[in-house]
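start.cif follows (mmCIF, C-alpha atoms):
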```
data_target
#
loop_
_atom_site.label_atom_id
_atom_site.label_comp_id
_atom_site.auth_asym_id
_atom_site.auth_seq_id
_atom_site.Cartn_x
_atom_site.Cartn_y
_atom_site.Cartn_z
CA MET A 39 40.05 -17.40 22.50
CA TYR A 40 41.15 -14.06 23.94
CA ARG A 41 44.20 -14.15 21.69
CA ASP A 42 41.79 -14.24 18.75
CA THR A 43 39.81 -11.39 20.34
CA LEU A 44 42.87 -9.17 20.68
CA SER A 45 43.98 -10.08 17.17
CA LEU A 46 40.55 -9.05 15.89
CA LEU A 47 40.40 -5.75 17.76
CA GLY A 48 44.04 -4.75 17.42
CA PRO A 49 46.24 -3.22 20.14
CA ALA A 50 44.92 0.35 20.15
CA LEU A 51 41.14 -0.06 20.21
CA PRO A 52 40.87 -1.80 23.62
CA VAL A 53 43.17 0.81 25.18
CA VAL A 54 41.35 3.90 23.90
CA SER A 55 37.93 2.38 24.55
CA PHE A 56 38.92 1.52 28.12
CA LEU A 57 40.32 4.98 28.83
CA GLY A 58 37.35 6.54 27.05
CA ARG A 59 34.87 4.80 29.34
CA LEU A 60 36.74 5.58 32.57
CA PRO A 61 35.18 9.07 32.88
CA THR A 62 31.71 7.52 33.09
CA ALA A 63 32.83 5.62 36.17
CA MET A 64 34.53 8.71 37.63
CA CYS A 65 31.92 11.43 37.14
CA GLN A 66 29.12 10.08 39.34
CA LEU A 67 31.20 9.79 42.50
CA GLY A 68 33.38 12.73 41.52
CA SER A 69 30.44 15.09 41.18
CA LEU A 70 29.04 13.99 44.54
CA LEU A 71 32.35 14.56 46.34
CA LEU A 72 33.03 17.86 44.57
CA VAL A 73 29.64 19.43 45.23
CA ALA A 74 29.53 18.13 48.80
CA GLU A 75 32.91 19.74 49.51
CA THR A 76 32.29 23.06 47.78
CA SER A 77 28.69 23.57 48.88
CA GLY A 78 28.83 21.87 52.27
CA SER A 79 25.45 20.29 51.48
CA LEU A 80 24.94 16.58 50.97
CA ALA A 81 21.44 17.34 49.66
CA THR A 82 22.82 19.58 46.91
CA ALA A 83 25.44 16.96 46.09
CA GLY A 84 22.76 14.27 45.86
CA LEU A 85 20.57 16.40 43.62
CA THR A 86 23.48 17.14 41.30
CA GLY A 87 24.51 13.49 41.14
CA GLY A 88 20.90 12.46 40.58
CA ALA A 89 20.57 14.95 37.71
CA LEU A 90 23.74 13.52 36.15
CA ALA A 91 22.38 9.98 36.38
CA ALA A 92 19.01 11.06 34.98
CA GLY A 93 20.66 12.80 32.04
CA GLN A 94 22.67 9.71 31.19
CA THR A 95 19.69 7.39 31.57
CA VAL A 96 17.47 9.41 29.26
CA ALA A 97 20.00 10.49 26.64
CA GLY A 98 22.11 7.31 26.42
CA PRO A 99 19.72 5.44 24.11
CA VAL A 100 19.33 8.58 21.98
CA ILE A 101 23.07 8.70 21.41
CA GLY A 102 22.99 4.99 20.60
CA ARG A 103 20.23 5.49 18.03
CA LEU A 104 22.10 8.39 16.45
CA ALA A 105 25.17 6.16 16.17
CA ASP A 106 23.07 3.46 14.49
CA ARG A 107 21.67 5.93 11.98
CA HIS A 108 24.70 8.10 11.26
CA GLY A 109 27.69 6.01 12.30
CA GLN A 110 29.79 6.21 15.44
CA ARG A 111 32.53 8.57 14.26
CA GLY A 112 30.70 11.91 14.21
CA VAL A 113 28.34 11.07 17.07
CA VAL A 114 31.04 9.94 19.49
CA LEU A 115 33.33 12.82 18.53
CA ALA A 116 30.63 15.43 19.17
CA ALA A 117 29.48 13.78 22.41
CA SER A 118 33.03 13.38 23.76
CA LEU A 119 33.91 17.03 23.21
CA ALA A 120 30.54 18.22 24.54
CA ASN A 121 30.90 16.01 27.60
CA ALA A 122 34.41 17.31 28.29
CA VAL A 123 33.09 20.87 28.15
CA ALA A 124 30.08 20.03 30.36
CA VAL A 125 32.19 18.31 33.02
CA THR A 126 34.65 21.22 33.05
CA ALA A 127 31.77 23.68 33.37
CA LEU A 128 30.39 21.69 36.32
CA VAL A 129 33.77 21.86 38.05
CA LEU A 130 34.05 25.60 37.52
CA ALA A 131 30.49 26.19 38.71
CA ALA A 132 31.03 24.13 41.85
CA LEU A 133 34.27 25.94 42.65
CA ALA A 134 32.42 29.24 42.16
CA ASP A 135 29.76 28.20 44.72
CA ALA A 136 26.97 28.23 42.13
CA PRO A 137 23.39 27.69 43.42
CA THR A 138 21.73 24.29 43.37
CA GLY A 139 19.69 24.93 40.22
CA PRO A 140 22.63 25.64 37.90
CA LEU A 141 24.61 22.77 39.40
CA MET A 142 21.73 20.40 38.68
CA ALA A 143 21.41 21.74 35.12
CA LEU A 144 25.12 21.24 34.48
CA GLY A 145 24.95 17.79 36.07
CA ALA A 146 22.10 16.82 33.75
CA LEU A 147 24.06 18.16 30.76
CA ALA A 148 27.15 16.21 31.83
CA GLY A 149 25.05 13.05 32.01
CA ALA A 150 23.20 13.66 28.76
CA THR A 151 26.42 14.09 26.77
CA VAL A 152 28.16 10.92 27.98
CA PRO A 153 29.50 9.45 24.69
CA GLN A 154 28.46 5.88 25.57
CA VAL A 155 31.89 4.47 24.74
CA GLY A 156 31.16 1.18 26.54
CA PRO A 157 27.97 0.24 24.64
CA LEU A 158 29.36 1.52 21.34
CA ALA A 159 32.62 -0.38 21.84
CA ARG A 160 30.58 -3.55 22.28
CA THR A 161 28.64 -2.79 19.11
CA ARG A 162 31.80 -2.05 17.16
CA SER A 163 33.62 -5.15 18.41
CA VAL A 164 30.68 -7.38 17.54
CA ALA A 165 30.47 -5.79 14.09
CA LEU A 166 34.16 -6.49 13.53
CA ALA A 167 33.69 -10.09 14.63
CA ARG A 168 30.65 -10.66 12.42
CA ARG A 169 32.33 -9.02 9.45
CA SER A 170 35.33 -11.32 9.84
CA GLY A 171 33.06 -14.38 9.79
CA ALA A 172 33.63 -15.22 13.45
CA ASP A 173 31.48 -17.89 15.05
CA ASP A 174 29.22 -17.31 18.05
CA ARG A 175 31.90 -18.57 20.43
CA LEU A 176 34.30 -15.81 19.40
CA VAL A 177 31.49 -13.24 19.57
CA GLY A 178 30.84 -14.46 23.12
CA ALA A 179 34.52 -14.03 23.95
CA VAL A 180 34.39 -10.48 22.56
CA LEU A 181 31.41 -9.67 24.78
CA SER A 182 33.15 -11.22 27.80
CA PHE A 183 36.23 -9.13 27.11
CA GLU A 184 34.18 -5.95 26.78
CA GLY A 185 32.29 -6.80 29.96
CA THR A 186 35.57 -7.21 31.81
CA LEU A 187 36.77 -3.81 30.57
CA ASP A 188 33.55 -2.32 31.96
CA GLU A 189 33.98 -4.03 35.33
CA VAL A 190 37.61 -2.90 35.64
CA SER A 191 36.66 0.66 34.70
CA PHE A 192 33.94 0.75 37.36
CA VAL A 193 36.46 -0.43 39.96
CA LEU A 194 39.34 1.80 38.84
CA GLY A 195 37.22 4.93 38.18
CA PRO A 196 35.97 5.47 41.76
CA ALA A 197 39.42 4.49 43.07
CA LEU A 198 41.00 7.27 40.99
CA VAL A 199 38.40 9.73 42.30
CA GLY A 200 39.10 8.72 45.89
CA LEU A 201 42.85 9.01 45.35
CA ALA A 202 42.54 12.45 43.74
CA ALA A 203 40.24 13.65 46.52
CA ALA A 204 42.68 12.43 49.18
CA LEU A 205 45.83 13.85 47.56
CA ALA A 206 44.43 17.04 46.07
CA HIS A 207 40.76 17.90 45.49
CA PRO A 208 37.72 16.18 43.89
CA ALA A 209 37.94 18.81 41.14
CA ALA A 210 41.21 17.23 40.03
CA ALA A 211 39.45 13.92 39.37
CA LEU A 212 36.75 15.53 37.25
CA LEU A 213 39.27 17.59 35.28
CA LEU A 214 41.17 14.36 34.59
CA ALA A 215 37.89 12.84 33.40
CA ALA A 216 37.36 15.80 31.06
CA LEU A 217 40.88 15.36 29.69
CA LEU A 218 40.27 11.66 29.06
CA LEU A 219 36.99 12.47 27.35
CA ALA A 220 38.60 14.97 25.00
CA GLY A 221 41.61 12.79 24.24
CA CYS A 222 40.57 9.16 24.37
CA GLY A 223 36.94 9.79 23.40
CA THR A 224 38.23 11.52 20.26
CA ALA A 225 40.69 8.69 19.60
CA PHE A 226 37.90 6.12 19.90
CA ALA A 227 35.67 8.13 17.57
CA LEU A 228 38.35 8.53 14.91
CA HIS A 229 39.79 5.00 15.12
CA PRO A 230 39.57 3.29 11.70
CA THR A 231 37.34 0.54 13.13
CA ALA A 232 34.50 3.08 13.36
CA ARG A 233 33.85 2.24 9.69
CA ALA A 234 32.63 -1.22 10.78
CA THR A 235 29.44 0.30 12.18
CA ALA A 236 28.89 2.98 9.56
CA PRO A 237 25.46 2.86 7.85
CA GLY A 238 25.73 0.53 4.89
CA ALA A 239 28.65 -1.46 6.30
CA PRO A 240 28.27 -5.23 5.67
CA ALA A 241 28.03 -6.08 9.35
CA THR A 242 25.05 -3.79 9.76
CA THR A 243 23.09 -4.79 6.68
CA THR A 244 23.33 -8.53 6.22
CA ARG A 245 21.49 -9.64 9.35
CA THR A 246 18.09 -8.07 8.77
CA SER A 247 15.68 -7.09 6.07
CA ALA A 248 14.71 -3.45 5.58
CA ALA A 249 11.35 -4.02 7.28
CA GLU A 250 13.03 -5.39 10.40
CA ARG A 251 15.47 -2.54 10.92
CA THR A 252 13.03 -0.34 12.80
CA ARG A 253 11.36 -3.07 14.85
CA LEU A 254 12.40 -4.82 18.03
CA PRO A 255 11.26 -8.19 19.39
CA GLY A 256 9.13 -7.85 22.49
CA SER A 257 11.76 -9.78 24.43
CA ALA A 258 14.24 -6.94 24.00
CA TYR A 259 12.20 -5.06 26.58
CA ALA A 260 12.45 -7.96 29.02
CA LEU A 261 16.23 -7.86 28.67
CA ARG A 262 16.19 -4.12 29.34
CA GLY A 263 14.05 -4.73 32.42
CA THR A 264 16.47 -7.25 33.83
CA MET A 265 19.29 -4.73 33.49
CA VAL A 266 17.29 -2.13 35.43
CA LEU A 267 16.93 -4.74 38.16
CA GLN A 268 20.65 -5.49 37.99
CA GLY A 269 21.31 -1.78 38.48
CA ALA A 270 18.93 -1.83 41.44
CA MET A 271 21.03 -4.61 42.96
CA PHE A 272 24.14 -2.46 42.55
CA GLY A 273 22.50 0.58 44.14
CA ALA A 274 20.96 -1.30 47.05
CA SER A 275 24.19 -3.20 47.71
CA GLN A 276 26.13 0.05 47.70
CA ALA A 277 23.72 1.59 50.22
CA GLY A 278 23.81 -1.50 52.42
CA ILE A 279 27.61 -1.75 52.33
CA THR A 280 27.94 1.92 53.22
CA ALA A 281 25.46 1.63 56.09
CA LEU A 282 27.02 -1.52 57.53
CA THR A 283 30.61 -0.28 57.38
CA GLU A 284 29.54 2.92 59.15
CA GLU A 285 27.73 0.87 61.79
CA LEU A 286 30.88 -1.22 62.29
CA GLY A 287 33.00 1.93 62.65
CA ALA A 288 34.92 1.39 59.42
CA PRO A 289 33.33 3.68 56.83
CA ALA A 290 36.57 3.87 54.82
CA GLN A 291 36.17 0.16 54.04
CA ALA A 292 33.01 0.70 51.96
CA GLY A 293 34.85 1.51 48.75
CA LEU A 294 37.25 -1.38 49.24
CA VAL A 295 34.41 -3.85 49.77
CA TYR A 296 32.68 -2.65 46.61
CA ALA A 297 35.97 -2.78 44.69
CA ALA A 298 36.59 -6.36 45.85
CA MET A 299 33.20 -7.34 44.45
CA GLY A 300 34.12 -5.69 41.15
CA VAL A 301 37.44 -7.51 40.94
CA MET A 302 35.74 -10.87 41.45
CA SER A 303 33.12 -10.00 38.83
CA ALA A 304 35.82 -9.01 36.32
CA ALA A 305 37.75 -12.24 36.91
CA VAL A 306 34.66 -14.39 36.43
CA GLY A 307 33.73 -12.34 33.36
CA LEU A 308 37.01 -13.29 31.69
CA SER A 309 36.33 -16.96 32.39
CA MET A 310 32.95 -16.83 30.64
CA ALA A 311 34.63 -17.49 27.29
CA ALA A 312 35.43 -21.00 28.55
CA VAL A 313 31.75 -21.96 29.07
CA PRO A 314 30.94 -24.79 26.61
CA ALA A 315 28.95 -23.71 23.57
CA ARG A 316 26.38 -26.44 24.23
CA ILE A 317 25.16 -24.43 27.23
CA GLY A 318 22.84 -22.01 25.46
CA LEU A 319 22.33 -18.36 26.27
CA ALA A 320 18.83 -18.96 27.65
CA THR A 321 20.17 -21.56 30.08
CA ARG A 322 23.00 -19.26 31.11
CA TRP A 323 20.57 -16.41 31.75
CA ARG A 324 18.39 -18.51 34.04
CA ALA A 325 21.39 -20.00 35.83
CA ALA A 326 22.89 -16.55 36.34
CA THR A 327 19.71 -15.12 37.85
CA ALA A 328 19.38 -18.15 40.12
CA GLY A 329 22.94 -17.44 41.24
CA LEU A 330 22.02 -13.84 41.97
CA VAL A 331 19.23 -15.00 44.29
CA VAL A 332 21.19 -17.70 46.11
CA LEU A 333 24.32 -15.58 46.60
CA SER A 334 22.51 -12.37 47.62
CA VAL A 335 20.41 -13.89 50.44
CA PRO A 336 23.41 -14.13 52.85
CA LEU A 337 23.64 -10.32 52.70
CA LEU A 338 20.64 -10.23 55.02
CA PHE A 339 22.61 -11.92 57.80
CA VAL A 340 26.10 -10.38 57.69
CA GLY A 341 27.18 -8.68 60.90
CA SER A 342 30.95 -8.30 60.68
CA LEU A 343 33.44 -6.79 58.27
CA GLY A 344 35.01 -10.15 57.46
CA ALA A 345 31.65 -11.71 56.70
CA LEU A 346 30.72 -8.71 54.55
CA TYR A 347 33.87 -9.08 52.45
CA ALA A 348 33.28 -12.82 52.02
CA VAL A 349 29.62 -12.54 51.06
CA VAL A 350 30.06 -9.58 48.72
CA VAL A 351 33.06 -11.07 46.92
CA VAL A 352 31.20 -14.33 46.33
CA LEU A 353 28.15 -12.39 45.11
CA GLY A 354 30.40 -10.62 42.60
CA ALA A 355 30.89 -13.98 40.87
CA ALA A 356 27.23 -13.91 39.76
CA TYR A 357 27.20 -10.38 38.36
CA ALA A 358 29.41 -10.80 35.29
CA PRO A 359 27.67 -13.95 33.97
CA HIS A 360 24.32 -12.16 34.15
CA LEU A 361 25.55 -8.96 32.50
CA ILE A 362 27.50 -10.69 29.74
CA THR A 363 24.66 -13.10 28.98
CA VAL A 364 22.10 -10.30 28.68
CA PHE A 365 24.38 -8.38 26.33
CA GLY A 366 24.87 -11.60 24.33
CA LEU A 367 21.14 -12.27 24.10
CA THR A 368 20.55 -8.69 23.00
CA GLU A 369 23.18 -9.00 20.28
CA ARG A 370 21.52 -12.17 19.00
CA THR A 371 18.00 -10.75 19.26
CA VAL A 372 17.78 -7.20 17.98
CA PRO A 373 18.22 -6.06 14.38
CA ALA A 374 21.82 -5.00 13.70
CA ALA A 375 20.65 -1.56 12.62
CA ARG A 376 19.47 -0.90 16.21
CA LEU A 377 22.24 -2.67 18.09
CA ALA A 378 24.03 0.44 19.39
CA GLU A 379 20.74 1.87 20.64
CA SER A 380 19.89 -1.41 22.35
CA MET A 381 23.31 -1.72 23.99
CA ALA A 382 23.00 1.86 25.23
CA PHE A 383 19.53 1.07 26.62
CA LEU A 384 21.02 -1.76 28.67
CA THR A 385 23.74 0.45 30.10
CA SER A 386 21.29 3.28 30.78
CA GLY A 387 19.01 0.79 32.52
CA ILE A 388 21.81 -0.12 34.90
CA VAL A 389 22.53 3.55 35.63
CA GLY A 390 18.86 4.40 36.17
CA GLY A 391 18.14 1.35 38.30
CA GLN A 392 21.21 1.99 40.42
CA ALA A 393 20.35 5.64 41.04
CA LEU A 394 16.74 4.91 41.99
CA ALA A 395 17.63 1.98 44.25
CA LEU A 396 20.46 3.89 45.90
CA ALA A 397 18.11 6.72 46.81
CA ALA A 398 15.35 4.43 48.09
CA SER A 399 17.50 1.89 49.90
CA GLY A 400 19.68 4.64 51.39
CA ARG A 401 16.61 6.00 53.18
CA LEU A 402 15.64 2.50 54.28
CA ALA A 403 19.12 1.92 55.64
CA GLU A 404 18.98 5.17 57.62
CA GLY A 405 15.75 4.15 59.28
CA HIS A 406 16.08 0.38 59.57
CA GLY A 407 19.74 -0.49 59.14
CA ALA A 408 21.77 -2.22 56.45
CA PRO A 409 19.54 -5.35 56.23
CA ALA A 410 16.71 -3.18 54.86
CA ALA A 411 18.91 -2.00 51.99
CA PHE A 412 20.17 -5.52 51.35
CA ALA A 413 16.55 -6.72 51.25
CA VAL A 414 16.04 -4.43 48.24
CA ALA A 415 19.00 -6.11 46.53
CA VAL A 416 17.57 -9.57 47.25
CA GLY A 417 14.15 -8.50 45.97
CA ALA A 418 15.71 -7.23 42.74
CA ALA A 419 17.53 -10.55 42.33
CA VAL A 420 14.30 -12.50 42.79
CA ALA A 421 12.62 -10.27 40.20
CA CYS A 422 15.51 -10.93 37.77
CA ALA A 423 15.06 -14.66 38.22
CA ALA A 424 11.29 -14.45 37.76
CA LEU A 425 11.77 -12.46 34.58
CA SER A 426 14.29 -14.91 33.12
CA TRP A 427 11.95 -17.83 33.77
CA SER A 428 8.82 -16.06 32.48
CA VAL A 429 10.33 -15.41 29.05
CA ARG A 430 9.94 -18.22 26.54
CA VAL A 431 13.31 -18.42 24.85
CA THR A 432 13.98 -19.76 21.39
CA GLU A 433 17.63 -20.73 21.51
CA PRO A 434 19.56 -18.58 19.04
CA VAL A 435 21.02 -20.67 16.21
CA GLY A 436 22.53 -17.73 14.37
CA PRO A 437 22.68 -13.97 14.38
CA GLY A 438 19.33 -12.32 14.75
CA SER A 439 17.45 -15.36 16.11
CA ALA A 440 14.31 -14.65 18.07
CA LEU A 441 13.84 -14.48 21.81
CA ARG A 442 10.34 -13.56 22.88
CA PRO A 443 8.20 -13.45 25.97
CA ALA A 444 5.36 -15.92 25.88
CA GLY A 445 2.77 -14.61 23.47
CA ALA A 446 4.78 -11.55 22.49
CA GLU A 447 4.64 -10.22 18.98
CA ARG A 448 7.22 -8.00 17.36
CA SER A 449 6.71 -4.36 18.26
CA GLY A 450 8.34 -1.03 17.45
#
```

Spell out the structure here as structure tokens.
Amino acid sequence: MYRDTLSLLGPALPVVSFLGRLPTAMCQLGSLLLVAETSGSLATAGLTGGALAAGQTVAGPVIGRLADRHGQRGVVLAASLANAVAVTALVLAALADAPTGPLMALGALAGATVPQVGPLARTRSVALARRSGADDRLVGAVLSFEGTLDEVSFVLGPALVGLAAALAHPAAALLLAALLLAGCGTAFALHPTARATAPGAPATTTRTSAAERTRLPGSAYALRGTMVLQGAMFGASQAGITALTEELGAPAQAGLVYAAMGVMSAAVGLSMAAVPARIGLATRWRAATAGLVVLSVPLLFVGSLGALYAVVVVLGAAYAPHLITVFGLTERTVPAARLAESMAFLTSGIVGGQALALAASGRLAEGHGAPAAFAVAVGAAVACAALSWSVRVTEPVGPGSALRPAGAERSG
């Protein structure tokens, strides 16, 4: 199935889309480390990183909607170049010991101009699959492949930042991110496959009527909510892992523990293409959220580094199925003319949920220890499960089938 996926996408698109989304994974941690080192203030670093996350959360769906309306080529090209300039400006300002206000403004600009390569790559890949007449199984394999690229990027990105900070300076990592944005973001924008999502392309016009193109099913908002909760799990887990490794006297292990979870998630994500087609997306969603609950509860009881690695790695096996299934349900639910916007909403939801939960659970961990932060992660998992079971799902039988909360009508 992945052979068909690579044949569909070609050799260059996965490479440039992967390298084009790496800066997103690098800039959050990179900005924190850079500002903390140059200003000597963790508070200033946190405010700058928070502004970056807020900018990406708010502007991501806007970039997605612009791509839906005007095509990906011009939108991604402009955003990639603007983001490269914004990240470079943030580096220069930090090195010049700029005050907190300008650093926050540049952080917000760097977040707001993120070109959303991950969500738009998903949209483009799905459009290519639908245009080629692919069945839902191949579309699912495409989404699994894209999900794996995301997971690998979010493991490799922070690792590159840590390596650059150790060997040189955090500024080197962000300048590398700016270079990748300018080069690979441009390559992704100008790749010939961008025509697949241009307004008027067959893949974006055959699935919906004109009246449907500006309307979303109410269930699309439930799917966005579950991704905010997934982001909250990431943020709370990160805070808890950091707190526990510090308590155990091994703070350097925090990044490795989080990376191990990402590797497991990526491996399971690749295996999702082998799930039998008879197991519908609604069933997968509910099973995945149940897995999140069952596998996150042991976090409350870990007390050693070995146990932390074991529990977190096993928990990583539940993340990819949930993420990939929600992206799949969104692809089958929303009108094609708003698919890029909807994919960007999901990614922005993760970013926003992670930032909020990291801030809240970090304070809880400071006052009450790692279990308090992990309790936030477990609570988010329970909320995910409750949401998946409270939505009445009509199993998709073809592109654009409906998925609605009980009693929900279509809304704009």

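Using all atoms listed in the file, the set of residues no farther than 7 Å from the position (22.3, -3.6, 34.5) comprises Thr264, Met265, Val266, Leu267, Gln268, Gly269, Leu361, Leu384, Thr385, Gly387 and Ile388 of chain A.
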
- Would you list the contacts of range 279-291 of chain A as a PyMOL selection string, taking every protein, DNA or RNA residue within 12 Å and counting only C-alpha atoms, but skipping same-chain residues closer than 3 positions in sequence? chain A and resi 200+204+271-276+294-299+337-347+349-350+396+399-412+415

- Task: Compute the distance from (31.9, -8.8, 38.4) to each atom, counting only C-alpha atoms, keep the residues with any atom at most 9 Å away, and return them as a PyMOL selection string; use the coordinates of the file.
- Result: chain A and resi 185-186+189-190+299-307+351+353-359+361

Name the residues that the PyMOL selection byres ((chain A and resi 162) around 12) pulls out of this structure, and write them as a PDB file with C-alpha atoms, in the frame of the given file.
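Heads up, here's the output in part_12.pdb:
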```pdb
ATOM      1  CA  LEU A  46      40.550  -9.050  15.890  1.00  0.00           C
ATOM      2  CA  LEU A  47      40.400  -5.750  17.760  1.00  0.00           C
ATOM      3  CA  LEU A  51      41.140  -0.060  20.210  1.00  0.00           C
ATOM      4  CA  PRO A  52      40.870  -1.800  23.620  1.00  0.00           C
ATOM      5  CA  SER A  55      37.930   2.380  24.550  1.00  0.00           C
ATOM      6  CA  GLY A 102      22.990   4.990  20.600  1.00  0.00           C
ATOM      7  CA  ALA A 105      25.170   6.160  16.170  1.00  0.00           C
ATOM      8  CA  ASP A 106      23.070   3.460  14.490  1.00  0.00           C
ATOM      9  CA  GLY A 109      27.690   6.010  12.300  1.00  0.00           C
ATOM     10  CA  GLN A 110      29.790   6.210  15.440  1.00  0.00           C
ATOM     11  CA  ARG A 111      32.530   8.570  14.260  1.00  0.00           C
ATOM     12  CA  VAL A 155      31.890   4.470  24.740  1.00  0.00           C
ATOM     13  CA  GLY A 156      31.160   1.180  26.540  1.00  0.00           C
ATOM     14  CA  PRO A 157      27.970   0.240  24.640  1.00  0.00           C
ATOM     15  CA  LEU A 158      29.360   1.520  21.340  1.00  0.00           C
ATOM     16  CA  ALA A 159      32.620  -0.380  21.840  1.00  0.00           C
ATOM     17  CA  ARG A 160      30.580  -3.550  22.280  1.00  0.00           C
ATOM     18  CA  THR A 161      28.640  -2.790  19.110  1.00  0.00           C
ATOM     19  CA  SER A 163      33.620  -5.150  18.410  1.00  0.00           C
ATOM     20  CA  VAL A 164      30.680  -7.380  17.540  1.00  0.00           C
ATOM     21  CA  ALA A 165      30.470  -5.790  14.090  1.00  0.00           C
ATOM     22  CA  LEU A 166      34.160  -6.490  13.530  1.00  0.00           C
ATOM     23  CA  ALA A 167      33.690 -10.090  14.630  1.00  0.00           C
ATOM     24  CA  ARG A 168      30.650 -10.660  12.420  1.00  0.00           C
ATOM     25  CA  ARG A 169      32.330  -9.020   9.450  1.00  0.00           C
ATOM     26  CA  VAL A 177      31.490 -13.240  19.570  1.00  0.00           C
ATOM     27  CA  VAL A 180      34.390 -10.480  22.560  1.00  0.00           C
ATOM     28  CA  LEU A 181      31.410  -9.670  24.780  1.00  0.00           C
ATOM     29  CA  GLU A 184      34.180  -5.950  26.780  1.00  0.00           C
ATOM     30  CA  PHE A 226      37.900   6.120  19.900  1.00  0.00           C
ATOM     31  CA  ALA A 227      35.670   8.130  17.570  1.00  0.00           C
ATOM     32  CA  HIS A 229      39.790   5.000  15.120  1.00  0.00           C
ATOM     33  CA  PRO A 230      39.570   3.290  11.700  1.00  0.00           C
ATOM     34  CA  THR A 231      37.340   0.540  13.130  1.00  0.00           C
ATOM     35  CA  ALA A 232      34.500   3.080  13.360  1.00  0.00           C
ATOM     36  CA  ARG A 233      33.850   2.240   9.690  1.00  0.00           C
ATOM     37  CA  ALA A 234      32.630  -1.220  10.780  1.00  0.00           C
ATOM     38  CA  THR A 235      29.440   0.300  12.180  1.00  0.00           C
ATOM     39  CA  ALA A 236      28.890   2.980   9.560  1.00  0.00           C
ATOM     40  CA  ALA A 239      28.650  -1.460   6.300  1.00  0.00           C
ATOM     41  CA  ALA A 241      28.030  -6.080   9.350  1.00  0.00           C
ATOM     42  CA  THR A 242      25.050  -3.790   9.760  1.00  0.00           C
ATOM     43  CA  GLU A 369      23.180  -9.000  20.280  1.00  0.00           C
ATOM     44  CA  ALA A 374      21.820  -5.000  13.700  1.00  0.00           C
ATOM     45  CA  LEU A 377      22.240  -2.670  18.090  1.00  0.00           C
ATOM     46  CA  ALA A 378      24.030   0.440  19.390  1.00  0.00           C
ATOM     47  CA  MET A 381      23.310  -1.720  23.990  1.00  0.00           C
TER      48      MET A 381
END
```

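Atom pair CA of Cys422 in chain A / CA of Val193 in chain A: separated by 23.5 Å.
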
- Task: Work out how far apart CA of Leu128 in chain A and CA of Leu205 in chain A are and give it in Å to one decimal.
- Result: 20.6 Å

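From CA of Arg376 in chain A back to CA of Leu144 in chain A, the distance works out to 29.3 Å.
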
- How would you write, as JSON, numbers by chain, the residues chosen by the PyMOL selection byres ((chain A and resi 101) around 9) on this structure? {"A": [97, 98, 99, 100, 102, 103, 104, 105, 106, 113, 114, 117, 150, 151, 152, 153, 154, 378, 379, 382]}

Non-local contacts of Ser118 in chain A (6 Å; all atoms listed in the file; under 5 positions in same chain excluded) as a tab-separated table (two decimals) with C-alpha atoms, in the coordinates of the input:
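Output saved as part-v8.tsv:
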```tsv
chain	number	residue	atom	x	y	z
A	153	PRO	CA	29.50	9.45	24.69
A	219	LEU	CA	36.99	12.47	27.35
A	220	ALA	CA	38.60	14.97	25.00
A	223	GLY	CA	36.94	9.79	23.40
```

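Nearest-residue note for Asp135 in chain A: choosing from A:Met64, A:Ala260, A:Val73, A:Val331, the minimum distance belongs to A:Val73, counting all atoms listed in the file.
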